[in-house]
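Trainee: What follows is a single structure, and I will ask about it in a moment.
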Amino acid sequence: MSQEQLRPWLIRWLYTAALAHVAVGLALPWIVHTDLGISYLQQIEQHFWPQTAPVAARQIQAWWLSLFGPTVQTVGIWMAALSYFGDKHRSRAAWLWLLAGILTWAPQDMWISMQANMRINVWIDCAALLSLVPPLLCLWRIDATTIKGKI
């Protein structure tokens with residue numbers, strides 16, 4: 001497959017990742033009180049409380065997780081906007097900004113998650129890195145061969 005044939009697939013992949021962020025962000029406030037959300041919150045609680053967490057602590061955790069939903073949605077919108085800009089203008093800068101965001105977020109998120117022994121978060125971060133960094137690097141390289149001199 002040539003670079004020009006690969007490029008649209010990589011762009012679609014990034015749009016899919018952006019849409020997934022928007023969907024997960026929309027879902028977070030709704031799933032926080034489901035079995036999945038409760039199980040996740042219990043994993044966090046195990047790091048901070050030897051027994052069951054106090055009710056007030058559980059409520060504030062659920063509130064924070066719900067509040068995190070709009071943040072994840074916003075990241076998805078920004079990812080989609082930068083992907084659109086990078087696609088339409090063959091802008092290497094768009095791919096670098098997306099890379100900068102991912103490479104700023106992931107190590108910090110992984111470190112904080114490891115401190116709380118939240119391995120599931122580390123695995124999610126690893127999956128995000130593996131699914132986003134290679135396509136962004138490919139697009140940065142492809143667009144370098146298309147338009148010389150632009151970053």
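Order determines the names: the first chain of the structure tokens is A, the second B, and so forth; residues in each chain are numbered 1 upward, and ligands are numbered 1 upward as they are shown.
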Write out as number ranges by chain the set of residues from segment 27-67 of chain A that DSSP, computed on the backbone, places in alpha helix (DSSP H).
Mentor: A: 27-31, 35-48, 55-67
Trainee: So which residues touch Pro70 of chain A within 9 Å, counting only C-alpha atoms, skipping near sequence neighbours fewer than 2 positions away, as a list of chain:residue names?
Mentor: A:Val22, A:Gly25, A:Leu26, A:Leu28, A:Pro29, A:Ser66, A:Leu67, A:Phe68, A:Val72, A:Gln73, A:Thr74, A:Val75
Trainee: Could you give me, as a list in words, the residues within 12 Å of Thr145 of chain A, counting only C-alpha atoms and dropping anything in the same chain fewer than 5 positions from it?
Mentor: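 Selected residues are Gln3, Glu4, Arg90, Ser91, Arg92, Cys138, Leu139, Trp140, Lys150 and Ile151 of chain A.
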Trainee: Closest to Trp30 of chain A among A:Leu10, A:Thr52, A:Ile60, A:Leu65, using only C-alpha atoms?
Mentor: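 Among A:Leu10, A:Thr52, A:Ile60, A:Leu65, it is A:Leu65 that comes nearest to Trp30 of chain A.
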Trainee: Give me the residues within 10 Å of Val122 of chain A as JSON, numbers by chain, counting only C-alpha atoms and dropping any in the same chain fewer than 2 places off.
Mentor: {"A": [106, 107, 109, 110, 111, 112, 113, 114, 117, 118, 119, 120, 124, 125, 126, 127, 128]}
Trainee: Write out as a ChimeraX atom specification the residues lying within 12 Å of Leu132 of chain A, counting only C-alpha atoms and excluding same-chain residues fewer than 5 positions away.
Mentor: /A:10-18,79,83,95-96,98-103,106,125-127,137-139
